Structures are given as structure tokens and as C-alpha cells.
$ cat my_file.cif   # mmCIF, C-alpha atoms
data_target
loop_
_atom_site.label_atom_id
_atom_site.label_comp_id
_atom_site.auth_asym_id
_atom_site.auth_seq_id
_atom_site.Cartn_x
_atom_site.Cartn_y
_atom_site.Cartn_z
CA MET A 15 51.89 103.43 59.19
CA SER A 16 54.26 101.66 61.59
CA PRO A 17 52.91 100.35 64.91
CA GLN A 18 55.21 102.76 66.77
CA ARG A 19 53.92 105.77 64.84
CA PHE A 20 50.31 104.64 65.26
CA ARG A 21 50.75 104.44 69.02
CA GLN A 22 52.59 107.76 69.27
CA ASP A 23 49.94 109.58 67.26
CA PHE A 24 47.25 108.33 69.63
CA LEU A 25 49.24 109.19 72.77
CA ASN A 26 49.86 112.69 71.44
CA GLN A 27 46.09 113.19 71.34
CA MET A 28 45.68 112.42 75.04
CA GLY A 29 47.14 115.71 76.16
CA GLN A 30 47.21 114.81 79.86
CA PRO A 31 49.88 112.19 80.80
CA ASP A 32 48.26 112.14 84.24
CA GLN A 33 45.48 109.98 82.76
CA ILE A 34 47.83 107.01 82.51
CA ILE A 35 49.24 107.58 86.00
CA ARG A 36 45.74 107.63 87.49
CA MET A 37 44.92 104.29 85.87
CA LEU A 38 47.68 102.72 87.96
CA ASP A 39 45.57 103.35 91.06
CA LEU A 40 43.32 100.56 89.77
CA LEU A 41 46.12 98.00 90.24
CA PRO A 42 45.93 97.23 93.97
CA ASP A 43 48.88 94.83 94.00
CA VAL A 44 51.36 97.13 92.22
CA SER A 45 53.25 100.01 93.81
CA PHE A 46 54.18 102.76 91.35
CA PHE A 47 56.11 106.01 91.81
CA ILE A 48 57.94 108.70 89.86
CA LYS A 49 60.85 110.77 91.24
CA ASP A 50 62.70 113.68 89.67
CA ARG A 51 66.49 113.93 89.44
CA GLN A 52 66.65 115.38 92.95
CA GLY A 53 64.89 112.32 94.36
CA ARG A 54 61.63 114.14 95.06
CA PHE A 55 58.38 112.22 94.59
CA VAL A 56 56.31 113.48 91.66
CA ALA A 57 53.59 110.81 91.52
CA LEU A 58 52.50 107.76 93.53
CA ASN A 59 49.63 105.32 93.31
CA ARG A 60 47.69 103.99 96.31
CA LEU A 61 49.96 101.08 97.21
CA ALA A 62 53.04 103.33 96.94
CA CYS A 63 51.36 105.68 99.43
CA GLU A 64 50.94 102.70 101.78
CA PHE A 65 54.62 101.83 101.43
CA CYS A 66 55.55 105.47 102.10
CA GLY A 67 53.33 105.63 105.19
CA VAL A 68 51.15 108.48 103.90
CA ARG A 69 47.39 108.70 103.54
CA SER A 70 47.38 110.35 100.11
CA GLU A 71 49.65 111.20 97.21
CA GLN A 72 49.57 114.88 98.15
CA GLU A 73 51.34 114.14 101.45
CA ALA A 74 54.34 112.66 99.61
CA ILE A 75 54.73 114.88 96.53
CA GLY A 76 57.84 117.01 96.80
CA LYS A 77 59.29 114.91 99.63
CA ASN A 78 62.23 112.53 99.36
CA ASP A 79 63.20 109.14 100.77
CA TRP A 80 64.75 110.65 103.91
CA ASP A 81 61.38 112.22 104.72
CA LEU A 82 59.40 108.99 104.37
CA PHE A 83 61.46 105.85 105.03
CA PRO A 84 63.53 104.36 107.89
CA PRO A 85 67.02 105.93 107.72
CA ALA A 86 68.83 102.60 107.36
CA ARG A 87 66.89 101.82 104.18
CA VAL A 88 67.48 105.11 102.38
CA PRO A 89 71.13 104.75 101.20
CA ALA A 90 70.31 101.55 99.28
CA TYR A 91 67.26 103.14 97.62
CA LEU A 92 69.21 106.24 96.64
CA ALA A 93 72.09 104.19 95.28
CA ASP A 94 69.69 102.35 92.96
CA ASP A 95 68.08 105.62 91.86
CA GLN A 96 71.48 107.16 91.13
CA SER A 97 72.55 104.13 89.13
CA VAL A 98 69.50 104.48 86.88
CA LEU A 99 69.91 108.27 86.55
CA GLU A 100 73.59 108.04 85.62
CA SER A 101 73.50 105.00 83.33
CA GLY A 102 69.97 105.20 81.94
CA GLN A 103 69.84 101.43 82.40
CA PRO A 104 66.98 99.80 84.31
CA ILE A 105 67.23 97.80 87.53
CA LEU A 106 65.13 94.68 87.09
CA ASN A 107 63.64 92.24 89.60
CA ARG A 108 65.51 93.49 92.68
CA LEU A 109 64.34 91.55 95.75
CA GLU A 110 64.05 93.68 98.90
CA PRO A 111 61.87 94.19 101.99
CA THR A 112 58.93 96.58 101.90
CA PRO A 113 60.00 100.18 102.65
CA GLN A 114 58.75 100.13 106.23
CA MET A 115 60.52 99.67 109.55
CA GLU A 116 61.60 96.10 110.20
CA GLY A 117 59.03 93.90 111.84
CA ALA A 118 56.96 91.97 109.32
CA PRO A 119 59.34 90.46 106.75
CA HIS A 120 57.28 91.15 103.64
CA LEU A 121 59.34 91.10 100.45
CA ILE A 122 58.84 92.95 97.20
CA VAL A 123 60.27 92.70 93.71
CA THR A 124 61.24 96.15 92.43
CA ASN A 125 61.99 97.45 88.95
CA LYS A 126 63.28 100.96 88.22
CA VAL A 127 63.52 102.62 84.80
CA ALA A 128 64.77 105.96 83.55
CA LEU A 129 62.35 108.65 82.34
CA ARG A 130 63.52 110.91 79.51
CA ASP A 131 62.55 114.27 78.05
CA PRO A 132 61.91 114.79 74.29
CA GLN A 133 65.65 115.29 73.75
CA GLY A 134 66.45 111.94 75.36
CA GLN A 135 67.93 113.34 78.56
CA VAL A 136 67.17 111.40 81.76
CA ILE A 137 64.92 113.54 83.96
CA GLY A 138 63.78 111.06 86.59
CA VAL A 139 63.07 107.52 87.71
CA ALA A 140 59.89 105.44 87.66
CA GLY A 141 59.57 102.43 89.93
CA PHE A 142 57.23 99.44 90.05
CA SER A 143 57.05 96.95 92.92
CA ARG A 144 54.98 93.87 93.75
CA ARG A 145 54.94 91.77 96.91
CA VAL A 146 56.65 88.42 96.40
CA THR A 147 53.51 86.51 97.45
CA GLN A 148 51.70 88.20 94.56
CA VAL A 149 54.34 87.53 91.93
CA GLN A 150 53.00 84.32 90.44
CA THR A 151 55.67 84.26 87.76
CA ALA A 152 58.60 84.80 90.12
CA GLY A 153 61.71 82.97 89.06
CA GLU A 154 62.86 79.86 90.91
CA ALA A 155 65.90 81.69 92.30
CA LEU A 156 63.70 84.41 93.78
CA ARG A 157 61.31 81.93 95.35
CA ARG A 158 64.16 79.97 96.87
CA LEU A 159 65.76 83.10 98.30
CA ALA A 160 62.54 84.46 99.83
CA ALA A 161 62.59 81.98 102.74
CA ALA A 162 66.16 82.93 103.62
CA VAL A 163 65.41 86.66 103.50
CA GLU A 164 62.36 86.17 105.69
CA SER A 165 64.59 84.38 108.20
CA LEU A 166 67.02 87.30 108.18
CA HIS A 167 64.19 89.64 109.16
CA ARG A 168 62.53 87.31 111.65
CA ASP A 169 65.65 85.82 113.32
CA TYR A 170 68.07 88.76 113.00
CA ALA A 171 69.12 88.52 116.68
CA GLN A 172 70.31 84.93 116.27
CA ALA A 173 73.70 83.72 115.07
CA LEU A 174 72.68 83.22 111.44
CA THR A 175 75.17 81.66 109.04
CA SER A 176 75.38 81.45 105.27
CA ALA A 177 75.25 77.67 105.56
CA GLY A 178 71.98 77.75 107.51
CA LEU A 179 70.41 80.32 105.20
CA ALA A 180 71.56 78.42 102.12
CA SER A 181 69.86 75.31 103.51
CA LEU A 182 66.58 77.24 103.82
CA ALA A 183 66.91 78.24 100.18
CA GLY A 184 67.80 74.71 99.07
CA LEU A 185 71.11 75.93 97.62
CA SER A 186 74.78 75.32 98.22
CA VAL A 187 76.57 78.08 100.13
CA SER A 188 78.32 79.33 96.99
CA GLN A 189 75.07 79.29 94.98
CA PHE A 190 73.23 81.07 97.79
CA GLU A 191 75.79 83.83 98.22
CA ARG A 192 76.07 84.37 94.47
CA THR A 193 72.28 84.49 94.00
CA PHE A 194 71.81 86.71 97.06
CA ARG A 195 74.29 89.30 95.79
CA LYS A 196 72.77 89.24 92.31
CA LEU A 197 69.18 89.79 93.50
CA LEU A 198 69.76 92.07 96.48
CA GLY A 199 72.96 93.84 95.48
CA THR A 200 74.81 92.99 98.71
CA THR A 201 76.16 90.05 100.70
CA PRO A 202 74.07 88.14 103.26
CA ARG A 203 76.28 89.45 106.08
CA GLN A 204 75.97 93.07 104.98
CA TYR A 205 72.22 92.65 104.60
CA LEU A 206 71.93 91.16 108.10
CA LEU A 207 73.87 94.10 109.56
CA ARG A 208 71.47 96.48 107.83
CA VAL A 209 68.45 94.65 109.28
CA ARG A 210 69.98 94.70 112.77
CA VAL A 211 70.81 98.39 112.61
CA THR A 212 67.33 99.25 111.35
CA GLN A 213 65.78 97.32 114.23
CA ALA A 214 68.13 99.10 116.62
CA CYS A 215 66.96 102.46 115.22
CA ARG A 216 63.41 101.62 116.19
CA LEU A 217 64.37 100.48 119.69
CA LEU A 218 66.58 103.49 120.31
CA ALA A 219 63.75 105.80 119.36
CA GLU A 220 60.98 103.97 121.23
CA THR A 221 62.62 102.60 124.39
CA SER A 222 64.92 103.72 127.20
CA ARG A 223 66.89 100.47 127.41
CA THR A 224 70.67 100.89 127.52
CA VAL A 225 72.77 100.81 124.37
CA ALA A 226 74.58 97.73 125.68
CA THR A 227 71.27 95.91 126.19
CA LEU A 228 70.00 96.82 122.73
CA ALA A 229 73.28 95.68 121.18
CA LEU A 230 72.72 92.14 122.48
CA GLU A 231 68.99 92.20 121.65
CA CYS A 232 69.78 93.05 118.04
CA GLY A 233 72.38 90.31 117.60
CA PHE A 234 75.68 92.17 118.05
CA TYR A 235 78.60 90.69 119.99
CA ASP A 236 78.88 93.65 122.36
CA GLN A 237 78.35 97.38 122.60
CA ALA A 238 81.59 98.24 120.79
CA HIS A 239 80.69 96.05 117.80
CA PHE A 240 77.19 97.56 117.73
CA THR A 241 78.47 101.13 117.90
CA ARG A 242 80.91 100.59 115.02
CA ALA A 243 78.28 98.99 112.78
CA PHE A 244 75.65 101.58 113.68
CA LYS A 245 77.91 104.57 113.03
CA ALA A 246 79.11 103.07 109.72
CA GLN A 247 75.51 102.93 108.45
CA MET A 248 73.87 105.90 110.16
CA GLY A 249 76.77 108.34 110.40
CA VAL A 250 76.19 108.93 114.13
CA SER A 251 76.57 106.92 117.31
CA PRO A 252 73.58 105.07 118.81
CA SER A 253 73.46 107.56 121.69
CA ALA A 254 73.44 110.55 119.34
CA TYR A 255 70.72 108.95 117.24
CA ARG A 256 68.57 108.33 120.33
CA GLU A 257 69.03 111.92 121.50
CA GLU A 258 67.92 113.25 118.14
CA GLN A 259 64.91 110.93 117.86
CA GLN A 260 63.70 111.50 121.42
CA ARG A 261 64.23 115.28 121.41
CA PRO A 262 60.91 117.06 122.01
CA GLN A 263 59.48 118.56 118.84
CA PRO A 264 59.09 122.36 118.87
#

$ encode --input "my_file.cif" --output "C-alpha cells"
Amino acid sequence: MSPQRFRQDFLNQMGQPDQIIRMLDLLPDVSFFIKDRQGRFVALNRLACEFCGVRSEQEAIGKNDWDLFPPARVPAYLADDQSVLESGQPILNRLEPTPQMEGAPHLIVTNKVALRDPQGQVIGVAGFSRRVTQVQTAGEALRRLAAAVESLHRDYAQALTSAGLASLAGLSVSQFERTFRKLLGTTPRQYLLRVRVTQACRLLAETSRTVATLALECGFYDQAHFTRAFKAQMGVSPSAYREEQQRPQP
């Protein structure tokens, strides 16, 4: 009997696939989730619940990224999911911040794979993430880039340059920009804009400071530059976003 057949025969006896999912709760440093084709969460382990900001798996099942994560993060997550669903090809070792509002610049390494039915059709996505500090076997490129990404989250209001970030990573500017795009799927400038807009989302929702003041606090040249960047990512103006977030709940 082939090894593959031996394994399949045993797995067929288990009956309840949930047994394997539940074992993943015993891995405290690994976040695991499953989503269906509509992007709804089907299963999560304990660390994934922490990343989603829920107390238990039951609070997240049936919900999607828009329900659980900061709005500025969601388009990138959904784009990765859609890529896996359409191509069936995995996304491996993607470096990104934890799925919480900006603040503490903790980084994770994420992998996403397609899930298939018995006929081979893709029916969903499974994801696995680990914090960079816990990835002992992280590649040299990832370790070098981590310091630069942390600076982007910590110093987002400053006039950061590719040259300065490349120096933090110990790379030339061309090496840095090439590695950054490969691991994060975007340019350093685009990533910085995303961090600034996400921070602005939090301040718009939690403070009454003027849009012009927040624009400067978040590293934009002026209010016009801020409004253009914000609307490009969020689909609404900063003022409209604030009105929606601060509207009394019924």
C-alpha cells in the first residue's frame, strides 16, 4: 500500500474533520482560520480569535473581514484571498502587520492555501500566521525587512524615505524596494500611505481634532493631500468617515 493511500484510509476513519481543527488550538503561537468562497469565517483557533478581536470562535463564525478588521486593512486581505480562490495557488511567507489597528508594530508571516471539495473545486481558503519574533527559521530577507516595517508603523508621521528605510534593513535602495514588494505585495510608499490612513481612521473615530490637524499628525503635506489619499483607500472623505463612525448607535 502506498503511503498516500495508507494516510487517506486512516483519515477516512476519523469521520469528524473538526478533530484536526481543534488540535490547532494547542499551538499558541500559530493563528489559523478557514473562510468560505464568500469570505465568511468558518473556523478559527485561539490566536486567530485574538487577531480578530473576538473572545471566542463563535463570535466570528459567519462574519467577514469588514466585520472584524480595520477598514484600511481589509482590501489587501481580500485581494490575497481572491488570488488564492481564483488561481488555486498558495500565497507563501507574506510579511504583514497583525490584523489590528495600527499602534504596536507587530509583524506576522502569513501563508494562505486553497481548500478543495472531492471534485477538486476550490471552496475556500485556509490561512496560517506566526509573529515574526516567533519565526526562528525566518529567511534573512524577512529579518532584514522587519526593522524597516517596524519603523513605518512607529514613525509614520515622519518624512520617511526609501534610502533611510533601506539603511535600517542593511540593503541598497534597489534591493530594499525589490524585496519589500516581493514580501509585502506593494511599494514602501504605498504601504506607508496605508499605515497613515489607518492611523487617521482611528483618530477620526476617537477624537474631535480638525481634519487639517489630523492630516499633519499623520504625516500628510496638507489637508488636500490627506483627503485625496484617504478617499482613494476608504472610498469616502475623512469628514464622511468621521460622521459615520461617531454616529450614535440605535

$ closest_residue --input "my_file.cif" --among "A:His167, A:Arg130, A:Lys77, A:Arg108" --to "Tyr91 of chain A" --atoms "all atoms listed in the file"
A:Arg108

$ closest_residue --input "my_file.cif" --among "A:Leu174, A:Ile48, A:Leu61, A:Leu92" --to "Val139 of chain A" --atoms "only C-alpha atoms"
A:Ile48

$ resolve_selection --input "my_file.cif" --expression "the PyMOL selection byres ((chain A and resi 171) around 10)" --output "mmCIF file with C-alpha atoms, in the frame of the given file"
data_model
loop_
_atom_site.group_PDB
_atom_site.id
_atom_site.type_symbol
_atom_site.label_atom_id
_atom_site.label_comp_id
_atom_site.auth_asym_id
_atom_site.auth_seq_id
_atom_site.Cartn_x
_atom_site.Cartn_y
_atom_site.Cartn_z
ATOM 1 C CA LEU A 166 67.020 87.300 108.180
ATOM 2 C CA HIS A 167 64.190 89.640 109.160
ATOM 3 C CA ARG A 168 62.530 87.310 111.650
ATOM 4 C CA ASP A 169 65.650 85.820 113.320
ATOM 5 C CA TYR A 170 68.070 88.760 113.000
ATOM 6 C CA GLN A 172 70.310 84.930 116.270
ATOM 7 C CA ALA A 173 73.700 83.720 115.070
ATOM 8 C CA LEU A 174 72.680 83.220 111.440
ATOM 9 C CA LEU A 206 71.930 91.160 108.100
ATOM 10 C CA VAL A 209 68.450 94.650 109.280
ATOM 11 C CA ARG A 210 69.980 94.700 112.770
ATOM 12 C CA GLN A 213 65.780 97.320 114.230
ATOM 13 C CA ALA A 229 73.280 95.680 121.180
ATOM 14 C CA LEU A 230 72.720 92.140 122.480
ATOM 15 C CA GLU A 231 68.990 92.200 121.650
ATOM 16 C CA CYS A 232 69.780 93.050 118.040
ATOM 17 C CA GLY A 233 72.380 90.310 117.600
ATOM 18 C CA PHE A 234 75.680 92.170 118.050
#

$ residues_around --input "my_file.cif" --residues "Arg158 of chain A" --least-positions-apart "5" --cutoff "9 Å" --atoms "all atoms listed in the file" --output "ChimeraX atom specification"
/A:153,182-185

$ atom_distance --input "my_file.cif" --atom1 "atom CA of Phe240 of chain A" --atom2 "atom CA of Asp95 of chain A"
28.6 Å

$ closest_residue --input "my_file.cif" --among "A:Ala226, A:Leu218, A:Glu71, A:Leu25" --to "Gln260 of chain A" --atoms "all atoms listed in the file"
A:Leu218

$ resolve_selection --input "my_file.cif" --expression "the PyMOL selection byres ((chain A and resi 96) around 12)" --output "ChimeraX atom specification"
/A:49-53,89-95,97-105,126-128,136-139

$ axis_aligned_box --input "my_file.cif" --around "segment 22-26 of chain A" --padding-each-side "8 Å" --output "AutoDock Vina command-line options"
--center_x 49.9 --center_y 110.2 --center_z 70.0 --size_x 21.3 --size_y 20.9 --size_z 21.5

$ resolve_selection --input "my_file.cif" --expression "the PyMOL selection byres ((chain A and resi 180) around 10)" --output "ChimeraX atom specification"
/A:158-159,161-162,175-179,181-191,194

$ write_last_selection --input "my_file.cif" --atoms "C-alpha atoms" --output "PDB file, keeping the file's coordinate frame"
ATOM      1  CA  ARG A 158      64.160  79.970  96.870  1.00  0.00           C
ATOM      2  CA  LEU A 159      65.760  83.100  98.300  1.00  0.00           C
ATOM      3  CA  ALA A 161      62.590  81.980 102.740  1.00  0.00           C
ATOM      4  CA  ALA A 162      66.160  82.930 103.620  1.00  0.00           C
ATOM      5  CA  THR A 175      75.170  81.660 109.040  1.00  0.00           C
ATOM      6  CA  SER A 176      75.380  81.450 105.270  1.00  0.00           C
ATOM      7  CA  ALA A 177      75.250  77.670 105.560  1.00  0.00           C
ATOM      8  CA  GLY A 178      71.980  77.750 107.510  1.00  0.00           C
ATOM      9  CA  LEU A 179      70.410  80.320 105.200  1.00  0.00           C
ATOM     10  CA  SER A 181      69.860  75.310 103.510  1.00  0.00           C
ATOM     11  CA  LEU A 182      66.580  77.240 103.820  1.00  0.00           C
ATOM     12  CA  ALA A 183      66.910  78.240 100.180  1.00  0.00           C
ATOM     13  CA  GLY A 184      67.800  74.710  99.070  1.00  0.00           C
ATOM     14  CA  LEU A 185      71.110  75.930  97.620  1.00  0.00           C
ATOM     15  CA  SER A 186      74.780  75.320  98.220  1.00  0.00           C
ATOM     16  CA  VAL A 187      76.570  78.080 100.130  1.00  0.00           C
ATOM     17  CA  SER A 188      78.320  79.330  96.990  1.00  0.00           C
ATOM     18  CA  GLN A 189      75.070  79.290  94.980  1.00  0.00           C
ATOM     19  CA  PHE A 190      73.230  81.070  97.790  1.00  0.00           C
ATOM     20  CA  GLU A 191      75.790  83.830  98.220  1.00  0.00           C
ATOM     21  CA  PHE A 194      71.810  86.710  97.060  1.00  0.00           C
TER      22      PHE A 194
END

$ residues_around --input "my_file.cif" --residues "Leu38 of chain A" --least-positions-apart "6" --cutoff "12 Å" --atoms "all atoms listed in the file" --output "PDB file with C-alpha atoms, keeping the file's coordinate frame"
ATOM      1  CA  ASP A  32      48.260 112.140  84.240  1.00  0.00           C
ATOM      2  CA  VAL A  44      51.360  97.130  92.220  1.00  0.00           C
ATOM      3  CA  SER A  45      53.250 100.010  93.810  1.00  0.00           C
ATOM      4  CA  PHE A  46      54.180 102.760  91.350  1.00  0.00           C
ATOM      5  CA  PHE A  47      56.110 106.010  91.810  1.00  0.00           C
ATOM      6  CA  ALA A  57      53.590 110.810  91.520  1.00  0.00           C
ATOM      7  CA  LEU A  58      52.500 107.760  93.530  1.00  0.00           C
ATOM      8  CA  ASN A  59      49.630 105.320  93.310  1.00  0.00           C
ATOM      9  CA  ARG A  60      47.690 103.990  96.310  1.00  0.00           C
ATOM     10  CA  LEU A  61      49.960 101.080  97.210  1.00  0.00           C
ATOM     11  CA  ALA A  62      53.040 103.330  96.940  1.00  0.00           C
ATOM     12  CA  PHE A 142      57.230  99.440  90.050  1.00  0.00           C
TER      13      PHE A 142
END

$ atom_distance --input "my_file.cif" --atom1 "atom CA of Asn125 of chain A" --atom2 "atom CA of Gln27 of chain A"
28.5 Å

$ decode --input "my_file.cif" --residues "segment 190-234 of chain A" --atoms "C-alpha atoms" --output "mmCIF file, in the first residue's frame"
data_model
loop_
_atom_site.group_PDB
_atom_site.id
_atom_site.type_symbol
_atom_site.label_atom_id
_atom_site.label_comp_id
_atom_site.auth_asym_id
_atom_site.auth_seq_id
_atom_site.Cartn_x
_atom_site.Cartn_y
_atom_site.Cartn_z
ATOM 1 C CA PHE A 190 15.117 47.091 -0.418
ATOM 2 C CA GLU A 191 12.354 48.153 -2.784
ATOM 3 C CA ARG A 192 12.522 44.874 -4.700
ATOM 4 C CA THR A 193 12.439 42.773 -1.514
ATOM 5 C CA PHE A 194 9.691 44.909 0.016
ATOM 6 C CA ARG A 195 7.414 44.470 -2.990
ATOM 7 C CA LYS A 196 8.096 40.730 -3.122
ATOM 8 C CA LEU A 197 7.291 40.116 0.560
ATOM 9 C CA LEU A 198 4.500 42.637 1.115
ATOM 10 C CA GLY A 199 2.989 42.882 -2.356
ATOM 11 C CA THR A 200 3.249 46.683 -2.538
ATOM 12 C CA THR A 201 5.787 49.511 -2.622
ATOM 13 C CA PRO A 202 7.165 51.154 0.539
ATOM 14 C CA ARG A 203 5.391 54.407 -0.351
ATOM 15 C CA GLN A 204 2.033 52.721 -0.877
ATOM 16 C CA TYR A 205 2.468 50.794 2.361
ATOM 17 C CA LEU A 206 3.277 53.992 4.266
ATOM 18 C CA LEU A 207 0.148 55.673 2.880
ATOM 19 C CA ARG A 208 -1.909 52.702 4.074
ATOM 20 C CA VAL A 209 -0.413 52.944 7.577
ATOM 21 C CA ARG A 210 -1.083 56.697 7.707
ATOM 22 C CA VAL A 211 -4.676 56.324 6.546
ATOM 23 C CA THR A 212 -5.329 53.540 9.044
ATOM 24 C CA GLN A 213 -3.979 55.710 11.860
ATOM 25 C CA ALA A 214 -6.147 58.568 10.613
ATOM 26 C CA CYS A 215 -9.203 56.276 10.748
ATOM 27 C CA ARG A 216 -8.606 55.702 14.439
ATOM 28 C CA LEU A 217 -8.113 59.401 15.193
ATOM 29 C CA LEU A 218 -11.164 60.443 13.192
ATOM 30 C CA ALA A 219 -13.293 57.979 15.114
ATOM 31 C CA GLU A 220 -11.871 58.702 18.570
ATOM 32 C CA THR A 221 -11.088 62.443 18.590
ATOM 33 C CA SER A 222 -12.680 65.759 17.638
ATOM 34 C CA ARG A 223 -9.497 67.336 16.259
ATOM 35 C CA THR A 224 -9.880 69.029 12.879
ATOM 36 C CA VAL A 225 -9.197 67.181 9.645
ATOM 37 C CA ALA A 226 -6.394 69.638 8.871
ATOM 38 C CA THR A 227 -4.741 68.919 12.231
ATOM 39 C CA LEU A 228 -5.013 65.158 11.788
ATOM 40 C CA ALA A 229 -3.560 65.419 8.284
ATOM 41 C CA LEU A 230 -0.325 66.887 9.678
ATOM 42 C CA GLU A 231 -0.285 64.498 12.661
ATOM 43 C CA CYS A 232 -0.439 61.522 10.309
ATOM 44 C CA GLY A 233 2.368 62.721 8.042
ATOM 45 C CA PHE A 234 0.492 64.274 5.104
#
